[in-house]
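K.L.:
Take a look at coords24.txt, compact mmCIF, C-alpha atoms and all ligand atoms:
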```
# COMPACT_ATOMS: atom_id res chain seq x y z
CA MET A 15 55.99 -97.06 -133.92
CA ASN A 16 59.15 -98.56 -132.56
CA ILE A 17 58.94 -99.74 -128.97
CA GLU A 18 62.37 -101.39 -129.02
CA LEU A 19 63.46 -99.18 -126.12
CA PHE A 20 61.27 -101.23 -123.80
CA SER A 21 62.84 -104.52 -124.79
CA ARG A 22 66.15 -103.61 -123.17
CA GLN A 23 66.64 -105.67 -120.04
CA VAL A 24 66.53 -103.21 -117.15
CA ARG A 25 67.45 -103.93 -113.59
CA THR A 26 67.85 -100.86 -111.47
CA PRO A 27 70.23 -101.14 -108.51
CA VAL A 28 69.35 -101.50 -104.84
CA GLN A 29 71.59 -99.28 -102.75
CA ASN A 30 72.29 -99.52 -99.03
CA VAL A 31 72.50 -96.02 -97.51
CA LYS A 32 72.97 -94.49 -94.08
CA TYR A 33 71.13 -91.36 -93.03
CA VAL A 34 71.98 -89.65 -89.75
CA LYS A 35 69.08 -87.74 -88.24
CA PRO A 36 69.64 -84.42 -86.43
CA ASP A 37 69.21 -86.25 -83.09
CA GLY A 38 72.15 -88.51 -83.99
CA GLN A 39 70.15 -91.66 -84.78
CA CYS A 40 71.68 -93.45 -87.75
CA LEU A 41 69.23 -95.18 -90.09
CA ASN A 42 70.10 -97.86 -92.59
CA LEU A 43 67.84 -97.94 -95.63
CA LEU A 44 67.71 -100.00 -98.77
CA VAL A 45 66.80 -97.86 -101.78
CA LYS A 46 65.51 -99.31 -105.04
CA ARG A 47 66.89 -96.80 -107.54
CA ASP A 48 64.11 -96.87 -110.12
CA ASP A 49 64.90 -93.21 -110.76
CA LEU A 50 67.85 -94.60 -112.75
CA ILE A 51 65.68 -96.57 -115.14
CA HIS A 52 65.74 -94.02 -117.96
CA PRO A 53 66.80 -90.37 -118.26
CA SER A 54 63.49 -89.11 -119.66
CA ILE A 55 60.89 -91.82 -118.96
CA SER A 56 61.26 -91.64 -115.23
CA GLY A 57 60.93 -94.31 -112.55
CA ASN A 58 57.51 -95.80 -112.12
CA LYS A 59 56.29 -94.07 -115.29
CA TRP A 60 58.59 -96.32 -117.32
CA ARG A 61 57.14 -99.36 -115.52
CA LYS A 62 53.56 -98.22 -116.14
CA LEU A 63 53.99 -97.13 -119.75
CA LYS A 64 55.95 -100.15 -120.96
CA TYR A 65 52.96 -102.43 -121.59
CA ASN A 66 50.74 -99.55 -122.62
CA ALA A 67 53.16 -98.90 -125.47
CA ASN A 68 52.85 -102.56 -126.31
CA VAL A 69 49.03 -102.35 -126.37
CA ALA A 70 49.26 -99.26 -128.62
CA GLN A 71 51.48 -101.12 -131.05
CA THR A 72 49.76 -104.49 -131.15
CA GLY A 73 46.29 -102.89 -131.18
CA ASN A 74 47.22 -100.71 -134.15
CA PHE A 75 46.31 -97.53 -132.34
CA SER A 76 47.41 -94.31 -134.02
CA GLY A 77 48.60 -92.77 -130.77
CA ILE A 78 48.34 -92.60 -126.96
CA ALA A 79 46.27 -89.98 -125.12
CA SER A 80 46.36 -89.26 -121.41
CA PHE A 81 45.67 -86.70 -118.69
CA GLY A 82 47.77 -84.68 -116.28
CA GLY A 83 48.40 -81.43 -114.46
CA ALA A 84 50.62 -78.77 -116.02
CA PHE A 85 53.71 -80.04 -114.15
CA SER A 86 52.89 -83.75 -114.37
CA ASN A 87 55.69 -86.33 -114.38
CA HIS A 88 53.39 -88.67 -116.27
CA ILE A 89 52.86 -86.14 -119.07
CA ALA A 90 56.62 -85.51 -119.24
CA ALA A 91 57.31 -89.27 -119.43
CA LEU A 92 54.56 -90.01 -121.96
CA SER A 93 55.78 -87.22 -124.24
CA ALA A 94 59.32 -88.59 -124.08
CA LEU A 95 58.04 -92.07 -124.87
CA GLY A 96 56.16 -90.65 -127.86
CA LYS A 97 59.28 -89.00 -129.16
CA LEU A 98 61.58 -92.00 -128.65
CA ALA A 99 59.15 -94.66 -129.85
CA GLU A 100 57.68 -92.55 -132.64
CA ILE A 101 54.17 -92.76 -131.21
CA PRO A 102 51.95 -89.67 -131.56
CA THR A 103 50.82 -88.52 -128.10
CA ILE A 104 48.07 -86.24 -126.82
CA GLY A 105 48.14 -84.67 -123.36
CA PHE A 106 44.91 -83.33 -121.86
CA ILE A 107 46.20 -80.76 -119.41
CA ARG A 108 44.35 -79.35 -116.41
CA THR A 109 44.64 -75.65 -117.22
CA ASP A 110 42.67 -72.81 -118.83
CA ASN A 111 45.68 -71.58 -120.74
CA LEU A 112 48.82 -73.46 -121.65
CA ASP A 113 51.77 -71.59 -120.17
CA MET A 114 54.50 -71.87 -122.77
CA GLN A 115 57.19 -70.99 -120.21
CA ASN A 116 56.30 -73.89 -117.91
CA PRO A 117 59.24 -76.33 -118.16
CA THR A 118 57.03 -79.46 -118.35
CA ILE A 119 54.86 -77.91 -121.08
CA LYS A 120 58.00 -76.81 -122.94
CA LEU A 121 59.39 -80.33 -122.74
CA ALA A 122 56.12 -81.90 -123.92
CA ILE A 123 56.01 -79.56 -126.91
CA LYS A 124 59.64 -80.30 -127.73
CA ASN A 125 58.68 -83.97 -127.70
CA ASN A 126 55.90 -83.24 -130.22
CA MET A 127 53.07 -84.03 -127.83
CA ARG A 128 49.79 -82.46 -128.86
CA LEU A 129 48.51 -80.51 -125.85
CA VAL A 130 44.83 -79.88 -125.21
CA PRO A 131 43.88 -77.68 -122.25
CA LEU A 132 40.90 -78.80 -120.16
CA SER A 133 39.07 -76.53 -117.71
CA ARG A 134 39.03 -77.66 -114.08
CA ALA A 135 35.37 -78.64 -114.49
CA ASP A 136 36.12 -80.81 -117.53
CA TYR A 137 39.25 -82.23 -115.96
CA ARG A 138 37.23 -83.43 -112.98
CA ARG A 139 35.40 -85.73 -115.43
CA ARG A 140 38.62 -87.45 -116.57
CA HIS A 141 37.50 -90.86 -115.23
CA ASP A 142 33.93 -90.44 -116.51
CA LEU A 143 33.26 -92.90 -119.33
CA ASP A 144 30.88 -90.58 -121.22
CA PHE A 145 33.42 -87.81 -121.15
CA ILE A 146 36.22 -90.11 -122.36
CA ALA A 147 33.95 -91.38 -125.14
CA SER A 148 33.35 -87.81 -126.30
CA LEU A 149 37.11 -87.16 -126.39
CA GLN A 150 37.56 -90.42 -128.29
CA THR A 151 35.24 -89.21 -131.05
CA GLN A 152 37.31 -86.03 -131.32
CA PHE A 153 40.61 -87.94 -131.27
CA PRO A 154 39.76 -91.30 -132.82
CA ASN A 155 41.78 -94.48 -132.64
CA HIS A 156 43.94 -93.32 -129.72
CA LEU A 157 44.68 -95.53 -126.75
CA PHE A 158 43.31 -93.60 -123.78
CA VAL A 159 45.44 -94.13 -120.68
CA PRO A 160 44.17 -92.72 -117.36
CA GLU A 161 45.93 -90.00 -115.38
CA GLY A 162 49.18 -91.28 -113.88
CA GLY A 163 49.17 -94.17 -116.37
CA SER A 164 47.55 -96.52 -113.85
CA ASN A 165 45.56 -99.21 -115.67
CA ASP A 166 45.72 -103.00 -116.16
CA ALA A 167 48.63 -102.81 -118.62
CA ALA A 168 50.56 -100.78 -116.04
CA GLN A 169 50.20 -103.60 -113.52
CA LEU A 170 52.29 -105.88 -115.73
CA GLY A 171 55.19 -103.43 -115.64
CA VAL A 172 54.89 -102.88 -111.89
CA LYS A 173 54.97 -106.66 -111.45
CA GLU A 174 58.41 -106.69 -113.06
CA LEU A 175 59.56 -104.13 -110.49
CA ALA A 176 58.25 -106.45 -107.75
CA THR A 177 60.14 -109.42 -109.21
CA GLU A 178 63.39 -107.44 -109.26
CA MET A 179 62.90 -106.36 -105.65
CA GLU A 180 62.44 -109.95 -104.51
CA GLN A 181 65.46 -111.17 -106.45
CA GLN A 182 67.80 -108.40 -105.38
CA CYS A 183 67.49 -108.24 -101.61
CA GLN A 184 65.87 -109.37 -98.39
CA PHE A 185 63.52 -106.86 -96.79
CA ASP A 186 60.76 -106.87 -94.19
CA LYS A 187 58.62 -104.08 -95.66
CA TYR A 188 58.78 -101.71 -98.57
CA ALA A 189 57.74 -98.06 -98.77
CA VAL A 190 56.44 -96.17 -101.79
CA ALA A 191 54.80 -92.84 -102.63
CA ILE A 192 51.15 -92.88 -103.74
CA GLY A 193 49.60 -90.61 -106.37
CA SER A 194 47.00 -92.38 -108.49
CA GLY A 195 47.76 -95.62 -106.61
CA GLY A 196 48.74 -97.80 -109.57
CA THR A 197 52.25 -98.50 -108.31
CA VAL A 198 51.38 -99.47 -104.74
CA ASN A 199 48.41 -101.52 -105.94
CA GLY A 200 50.55 -103.45 -108.42
CA LEU A 201 53.22 -104.11 -105.80
CA LEU A 202 50.70 -105.27 -103.20
CA ASN A 203 49.19 -107.66 -105.72
CA ALA A 204 52.61 -109.08 -106.60
CA LEU A 205 54.41 -109.25 -103.24
CA PRO A 206 53.63 -110.91 -99.92
CA HIS A 207 55.38 -108.19 -97.86
CA PRO A 208 53.59 -105.43 -95.96
CA ALA A 209 53.66 -102.03 -97.68
CA ILE A 210 53.96 -98.50 -96.33
CA GLY A 211 52.27 -96.07 -98.71
CA ILE A 212 52.79 -92.33 -98.39
CA ALA A 213 49.97 -90.53 -100.18
CA VAL A 214 50.88 -87.14 -101.63
CA VAL A 215 47.40 -86.27 -102.90
CA LYS A 216 44.36 -86.10 -100.62
CA ASP A 217 41.97 -88.52 -102.31
CA GLU A 218 39.75 -90.13 -99.71
CA GLN A 219 37.92 -92.35 -102.17
CA LEU A 220 41.13 -93.85 -103.57
CA HIS A 221 42.60 -94.33 -100.12
CA LYS A 222 39.48 -96.04 -98.82
CA GLN A 223 39.46 -98.34 -101.83
CA LEU A 224 43.15 -99.27 -101.45
CA GLN A 225 42.69 -99.88 -97.73
CA GLN A 226 39.62 -102.07 -98.25
CA GLN A 227 41.37 -104.09 -100.91
CA HIS A 228 44.62 -104.68 -99.07
CA LYS A 229 43.53 -104.45 -95.41
CA SER A 230 46.37 -104.56 -92.90
CA LYS A 231 48.97 -105.38 -95.56
CA LEU A 232 48.97 -101.66 -96.39
CA THR A 233 49.83 -98.91 -93.93
CA LEU A 234 48.65 -95.80 -95.72
CA HIS A 235 49.48 -92.31 -94.56
CA TYR A 236 48.61 -88.88 -95.86
CA ASN A 237 50.99 -86.54 -94.07
CA ALA A 238 49.19 -83.19 -94.13
CA SER A 239 51.90 -81.47 -92.10
CA LEU A 240 54.28 -81.62 -95.07
CA GLY A 241 51.91 -79.47 -97.14
CA ARG A 242 49.37 -80.07 -99.86
CA TYR A 243 50.21 -81.59 -103.24
CA GLY A 244 52.87 -79.48 -104.91
CA SER A 245 53.56 -77.23 -101.92
CA VAL A 246 56.91 -77.27 -100.15
CA THR A 247 57.27 -76.64 -96.42
CA PRO A 248 60.66 -75.44 -95.11
CA ALA A 249 61.11 -78.69 -93.14
CA LEU A 250 60.51 -80.78 -96.25
CA GLU A 251 62.89 -78.72 -98.38
CA LEU A 252 65.64 -78.87 -95.75
CA PHE A 253 65.20 -82.61 -95.44
CA CYS A 254 65.47 -83.22 -99.21
CA LEU A 255 68.67 -81.18 -99.38
CA ASP A 256 70.16 -82.87 -96.31
CA PHE A 257 69.24 -86.35 -97.54
CA HIS A 258 70.96 -85.68 -100.85
CA ARG A 259 74.03 -84.23 -99.11
CA GLN A 260 74.38 -87.31 -96.90
CA THR A 261 73.51 -90.07 -99.36
CA GLY A 262 74.17 -88.62 -102.82
CA ILE A 263 70.64 -89.66 -103.83
CA PRO A 264 68.64 -86.83 -105.40
CA ILE A 265 65.02 -86.58 -104.21
CA GLU A 266 62.30 -83.99 -104.80
CA PRO A 267 59.63 -82.53 -102.49
CA ILE A 268 56.46 -83.68 -104.29
CA TYR A 269 56.73 -87.48 -104.09
CA THR A 270 60.00 -89.01 -102.97
CA GLY A 271 60.88 -86.24 -100.47
CA LYS A 272 57.63 -86.91 -98.58
CA LEU A 273 58.25 -90.64 -98.79
CA PHE A 274 61.78 -90.59 -97.39
CA TYR A 275 60.86 -87.94 -94.80
CA ASN A 276 58.17 -90.17 -93.38
CA VAL A 277 60.33 -93.27 -93.42
CA CYS A 278 63.00 -91.36 -91.46
CA PHE A 279 60.90 -89.24 -89.08
CA ASN A 280 57.51 -90.87 -88.73
CA ARG A 281 58.66 -94.39 -87.94
CA GLU A 282 56.65 -95.14 -84.83
CA PHE A 283 53.43 -93.91 -86.42
CA LEU A 284 54.09 -96.06 -89.49
CA GLY A 285 54.83 -99.09 -87.33
CA ILE A 286 58.49 -99.35 -88.38
CA LYS A 287 60.66 -101.15 -85.84
CA ASP A 288 64.37 -100.37 -85.61
CA GLN A 289 65.47 -103.91 -86.47
CA GLU A 290 63.30 -104.04 -89.60
CA THR A 291 64.80 -103.66 -93.07
CA ILE A 292 62.82 -101.19 -95.16
CA LEU A 293 63.20 -101.12 -98.93
CA VAL A 294 62.31 -97.61 -100.07
CA ILE A 295 61.33 -97.30 -103.73
CA HIS A 296 62.71 -94.25 -105.51
CA THR A 297 60.06 -93.71 -108.18
CA GLY A 298 61.97 -90.94 -109.97
CA GLY A 299 60.11 -87.73 -110.79
CA LEU A 300 63.11 -85.43 -110.59
CA GLN A 301 61.88 -83.35 -113.55
CA GLY A 302 59.37 -81.93 -111.06
CA ILE A 303 62.17 -79.90 -109.46
CA ASN A 304 62.26 -77.64 -112.52
CA GLY A 305 58.57 -76.87 -112.10
CA LEU A 306 59.06 -75.98 -108.43
CA VAL A 307 61.94 -73.65 -109.32
CA TYR A 308 59.81 -72.10 -112.09
CA ARG A 309 56.96 -71.43 -109.63
CA GLN A 310 59.54 -70.05 -107.16
CA LYS A 311 58.56 -72.60 -104.54
CA ILE A 312 62.21 -73.51 -104.09
CA SER A 313 65.38 -71.58 -104.82
CA PRO A 314 67.76 -72.86 -107.50
CA ILE A 315 70.72 -71.72 -105.39
CA HIS A 316 69.99 -74.46 -102.87
CA TRP A 317 68.95 -77.07 -105.42
CA ASN A 318 71.76 -76.81 -107.97
CA ALA A 319 73.66 -79.76 -106.51
CA VAL A 320 70.53 -81.94 -106.53
CA ILE A 321 69.68 -80.96 -110.09
CA ALA A 322 73.27 -81.66 -111.15
CA SER A 323 73.28 -85.14 -109.64
CA SER A 324 69.88 -85.96 -111.14
CA GLU A 325 71.30 -85.05 -114.54
CA ASN A 326 74.70 -86.67 -114.15
CA GLN A 327 73.53 -89.99 -112.77
CA TYR A 328 72.80 -91.38 -116.22
CA SER A 329 76.40 -91.18 -117.38
CA ASP A 330 76.84 -94.78 -116.26
CA LEU A 331 73.37 -95.94 -117.22
CA GLU A 332 74.96 -98.49 -119.51
CA ASN A 333 76.36 -100.30 -116.48
CA LEU A 334 73.02 -100.93 -114.81
C1 LIG A 401 53.63 -90.52 -110.55
C2 LIG A 401 54.56 -90.68 -109.41
C3 LIG A 401 54.22 -91.41 -108.25
C4 LIG A 401 52.84 -91.95 -108.02
O1 LIG A 401 52.63 -93.20 -108.58
P1 LIG A 401 51.15 -93.80 -108.65
O2 LIG A 401 51.30 -95.08 -109.35
O3 LIG A 401 50.35 -92.78 -109.46
O4 LIG A 401 50.61 -93.91 -107.28
C5 LIG A 401 55.18 -91.60 -107.28
N1 LIG A 401 56.41 -91.07 -107.40
C6 LIG A 401 56.75 -90.33 -108.47
C7 LIG A 401 58.11 -89.74 -108.52
C8 LIG A 401 55.85 -90.11 -109.51
O5 LIG A 401 56.22 -89.36 -110.56
```
Can you give me the file's structure in the form of structure tokens?
Ligand SMILES: *Cc1c(COP(=O)(O)O)cnc(C)c1O
P.N.:
Amino acid sequence: MNIELFSRQVRTPVQNVKYVKPDGQCLNLLVKRDDLIHPSISGNKWRKLKYNANVAQTGNFSGIASFGGAFSNHIAALSALGKLAEIPTIGFIRTDNLDMQNPTIKLAIKNNMRLVPLSRADYRRRHDLDFIASLQTQFPNHLFVPEGGSNDAAQLGVKELATEMEQQCQFDKYAVAIGSGGTVNGLLNALPHPAIGIAVVKDEQLHKQLQQQHKSKLTLHYNASLGRYGSVTPALELFCLDFHRQTGIPIEPIYTGKLFYNVCFNREFLGIKDQETILVIHTGGLQGINGLVYRQKISPIHWNAVIASSENQYSDLENL
């Protein structure tokens, strides 16, 4: 193992952008560009995996195992980490058959991740301690990291994101997308500011738990009108393309598209006042665009410019 890549001092930029809505209203947003943190270990996944890699190394584990859907950003990031840091990785994938044409699966295989398909019924037990123990006997001495990478070690990395945010700018509230909740939870624990969380997965138990823990400090919204997890409504697609055209910032429909859409168009509901400065956290995840193109949920003709800027943006990574 060689986890040197995590010792590099990273500090992703905060960018001030203007977005003009179709009704002419001009919004000023601060964007924390965590999508620029690394070309293959994207955004919040870098933050969450950093200290997990450390645990794997110091604990003398022989590898890291985790869970994800067939198009998961976490699986993509963990496989890249495994390749770069020379750590064997196992991905338990929610699928009956591994589709070798799926771009995320292809990437994981290229990164030498060992992929194990789990039926939907088995996958539902991914947080169940008995089930994890049975996997641990089959794959001994691996560090088991939960789906999305959200565990205690992840909180340490998210705390570093919070420290950067506080040092880099003044803001009244911040906004972030919620999947497994590890990122928003870590930020709420580290920062005094109110948070706006846009949930992209319907998970009532998680949302209740987050709300109980953080009370009125968290405004949590699951915006059903933008479609279920992984689906793309025409309004959401148009918004992502328009936002990129106006700001140059590439976003995707699964996480960050829903986040920015809500910050721009659902302001009153989210309690955002016009004079407030909102720091929106770009958590990365742009590899997900390939999966949407593959499933023909979006057309590459419209997305080529976004894909190109998500690939080109690392040319000046050295200057971050
Ligand atoms: C995984 C992911 C999230 C969700 O983060 P959680 O810590 O699981 O809530 C948000 N945005 C992007 C781009 C992601 O890939």
K.L.:
Restricting the calculation to all atoms listed in the file, which member of A:Asn16, A:Asn237, A:Asn116, A:Gln327 is positioned closest to Phe283 of chain A?
P.N.:
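Answer, going by the shortest atom-to-atom distance: A:Asn237.
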K.L.:
Between A:Leu129, A:Leu240, A:Leu224, A:Cys278, which one has atoms that come closest to ligand LIG 401 (chain A), using all atoms listed in the file?
P.N.:
A:Leu224
K.L.:
With only C-alpha atoms and all ligand atoms counted, collect every polymer residue having an atom within 8 Å of ligand LIG 401 (chain A); state the result as a VMD selection string.
P.N.:
chain A and resid 49 56 to 59 62 86 to 88 161 to 164 190 to 199 213 268 to 270 296 to 300
K.L.:
What is the atom CA of Glu174 of chain A to atom CA of Glu100 of chain A distance in Å?
P.N.:
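Separation of atom CA of Glu174 of chain A and atom CA of Glu100 of chain A: 24.2 Å.
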K.L.:
Rounded to one decimal place, report the atom CA of Ala249 of chain A-atom CA of Asn318 of chain A distance in Å.
P.N.:
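These two atoms are separated by 18.4 Å.
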K.L.:
Using only C-alpha atoms, can you tell me which of A:Val214, A:Leu255, A:Ile55, A:Ile265 comes closest to Gly241 of chain A?
P.N.:
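Distance minimum relative to Gly241 of chain A lands on A:Val214.
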K.L.:
Find, counting only C-alpha atoms, the residue in A:Gln225, A:Thr151, A:Ser93, A:Gln301 that gets nearest to Pro53 of chain A.
P.N.:
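Among A:Gln225, A:Thr151, A:Ser93, A:Gln301, it is A:Gln301 that comes nearest to Pro53 of chain A.
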K.L.:
Which neighbours of Gln150 of chain A fall inside 12 Å, counting all atoms listed in the file, when residues of the same chain fewer than 3 positions from it are skipped, and could you give them as a ChimeraX atom specification?
P.N.:
/A:75,77-80,104,143-147,153-159
K.L.:
Tell me, as a PyMOL selection string, which residues lie within 8 Å of Gln260 of chain A, counting only C-alpha atoms; anything in the same chain fewer than 6 positions away does not count.
P.N.:
chain A and resi 32-34
K.L.:
One decimal, Å: what's the distance from atom CA of Ser76 of chain A over to atom CA of Leu95 of chain A, could you say?
P.N.:
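Answer for the atom CA of Ser76 of chain A to atom CA of Leu95 of chain A separation: 14.2 Å.
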K.L.:
Put a box with edges along x, y and z around all the listed atoms of segment 246-262 of chain A, pad it by 4 Å on each side, then give me its centre and sizes in Å, one decimal, as JSON.
P.N.:
```
{"center_x": 65.6, "center_y": -82.8, "center_z": -98.0, "size_x": 25.5, "size_y": 22.6, "size_z": 17.7}
```
K.L.:
Could you check the closest approach to Arg139 of chain A for each of A:Asn126, A:Asp110, A:Gly305, A:Phe81 and tell me which residue wins, using all atoms listed in the file?
P.N.:
A:Phe81
K.L.:
With all atoms listed in the file as the basis for distance, which of A:Leu232, A:Leu175, A:Leu220, A:Ile51 is at the shortest distance from Leu202 of chain A?
P.N.:
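Smallest separation from Leu202 of chain A among the options: A:Leu232.
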K.L.:
Neighbouring residues of Cys254 of chain A were defined as those with any atom within 10 Å, considering only C-alpha atoms; residues of the same chain fewer than 4 positions away were excluded. Please report them as a list in words.
P.N.:
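The residues satisfying every condition are Ala249, Leu250, His258, Arg259, Ile263, Pro264, Ile265, Glu266, Pro267, Thr270, Gly271, Lys272, Phe274, Tyr275, Trp317 and Val320 of chain A.
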K.L.:
Selected residues, C-alpha atoms, written as a JSON list (two decimals), in the coordinates of the input, please.
P.N.:
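After the write, result31.json holds the following:
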```
[["chain", "number", "residue", "atom", "x", "y", "z"],
["A", 249, "ALA", "CA", 61.11, -78.69, -93.14],
["A", 250, "LEU", "CA", 60.51, -80.78, -96.25],
["A", 258, "HIS", "CA", 70.96, -85.68, -100.85],
["A", 259, "ARG", "CA", 74.03, -84.23, -99.11],
["A", 263, "ILE", "CA", 70.64, -89.66, -103.83],
["A", 264, "PRO", "CA", 68.64, -86.83, -105.40],
["A", 265, "ILE", "CA", 65.02, -86.58, -104.21],
["A", 266, "GLU", "CA", 62.30, -83.99, -104.80],
["A", 267, "PRO", "CA", 59.63, -82.53, -102.49],
["A", 270, "THR", "CA", 60.00, -89.01, -102.97],
["A", 271, "GLY", "CA", 60.88, -86.24, -100.47],
["A", 272, "LYS", "CA", 57.63, -86.91, -98.58],
["A", 274, "PHE", "CA", 61.78, -90.59, -97.39],
["A", 275, "TYR", "CA", 60.86, -87.94, -94.80],
["A", 317, "TRP", "CA", 68.95, -77.07, -105.42],
["A", 320, "VAL", "CA", 70.53, -81.94, -106.53]]
```
K.L.:
Using only C-alpha atoms, which residues of segment 41-116 of chain A come within 7 Å of segment 165-169 of chain A, and what is the closest atom pair for each, with the distance in Å to one decimal? Give it as CSV, sorted by chain and residue number.
P.N.:
```
residue,atom,partner,partner_atom,distance
A:Arg61,CA,A:Ala168,CA,6.8
A:Lys62,CA,A:Ala168,CA,3.9
A:Leu63,CA,A:Ala168,CA,6.2
A:Tyr65,CA,A:Ala167,CA,5.3
A:Asn66,CA,A:Ala167,CA,5.6
```
K.L.:
Output segment 281-288 of chain A as a compact mmCIF listing (two decimals), in the coordinates of the input, making sure all heavy atoms are there.
P.N.:
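Everything below was put into selection-v3.txt:
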```txt
# COMPACT_ATOMS: atom_id res chain seq x y z
N ARG A 281 58.52 -92.93 -87.97
CA ARG A 281 58.66 -94.39 -87.94
C ARG A 281 57.68 -95.07 -87.00
O ARG A 281 57.07 -96.07 -87.36
CB ARG A 281 60.12 -94.74 -87.55
CG ARG A 281 61.11 -94.22 -88.57
CD ARG A 281 62.54 -94.35 -88.08
NE ARG A 281 62.99 -95.72 -88.00
CZ ARG A 281 63.39 -96.43 -89.04
NH1 ARG A 281 63.40 -95.90 -90.24
NH2 ARG A 281 63.82 -97.67 -88.88
N GLU A 282 57.53 -94.50 -85.81
CA GLU A 282 56.65 -95.14 -84.83
C GLU A 282 55.22 -95.16 -85.35
O GLU A 282 54.54 -96.19 -85.33
CB GLU A 282 56.75 -94.39 -83.51
CG GLU A 282 56.27 -95.22 -82.35
CD GLU A 282 56.42 -94.48 -81.04
OE1 GLU A 282 57.47 -93.81 -80.84
OE2 GLU A 282 55.47 -94.56 -80.22
N PHE A 283 54.79 -94.01 -85.88
CA PHE A 283 53.43 -93.91 -86.42
C PHE A 283 53.20 -94.92 -87.55
O PHE A 283 52.12 -95.49 -87.67
CB PHE A 283 53.21 -92.47 -86.92
CG PHE A 283 51.86 -92.25 -87.52
CD1 PHE A 283 50.77 -91.94 -86.71
CD2 PHE A 283 51.66 -92.35 -88.89
CE1 PHE A 283 49.51 -91.75 -87.25
CE2 PHE A 283 50.40 -92.17 -89.44
CZ PHE A 283 49.32 -91.87 -88.63
N LEU A 284 54.22 -95.14 -88.36
CA LEU A 284 54.09 -96.06 -89.49
C LEU A 284 54.33 -97.52 -89.10
O LEU A 284 54.26 -98.41 -89.94
CB LEU A 284 55.05 -95.66 -90.61
CG LEU A 284 54.80 -94.30 -91.27
CD1 LEU A 284 55.92 -93.94 -92.23
CD2 LEU A 284 53.45 -94.29 -92.01
N GLY A 285 54.62 -97.73 -87.82
CA GLY A 285 54.83 -99.09 -87.33
C GLY A 285 56.16 -99.70 -87.75
O GLY A 285 56.29 -100.92 -87.84
N ILE A 286 57.16 -98.84 -87.99
CA ILE A 286 58.49 -99.35 -88.38
C ILE A 286 59.32 -99.61 -87.12
O ILE A 286 59.47 -98.72 -86.28
CB ILE A 286 59.24 -98.34 -89.28
CG1 ILE A 286 58.43 -98.04 -90.55
CG2 ILE A 286 60.63 -98.85 -89.63
CD1 ILE A 286 59.03 -96.94 -91.42
N LYS A 287 59.81 -100.84 -87.00
CA LYS A 287 60.66 -101.15 -85.84
C LYS A 287 62.12 -101.03 -86.25
O LYS A 287 62.47 -101.23 -87.41
CB LYS A 287 60.37 -102.57 -85.35
CG LYS A 287 58.90 -102.73 -84.98
CD LYS A 287 58.62 -104.03 -84.23
CE LYS A 287 57.15 -104.14 -83.92
NZ LYS A 287 56.32 -104.27 -85.14
N ASP A 288 62.98 -100.68 -85.27
CA ASP A 288 64.37 -100.37 -85.61
C ASP A 288 65.11 -101.54 -86.26
O ASP A 288 65.99 -101.33 -87.09
CB ASP A 288 65.12 -99.90 -84.36
CG ASP A 288 64.74 -98.45 -84.04
OD1 ASP A 288 64.25 -97.76 -84.96
OD2 ASP A 288 64.91 -98.04 -82.89
```
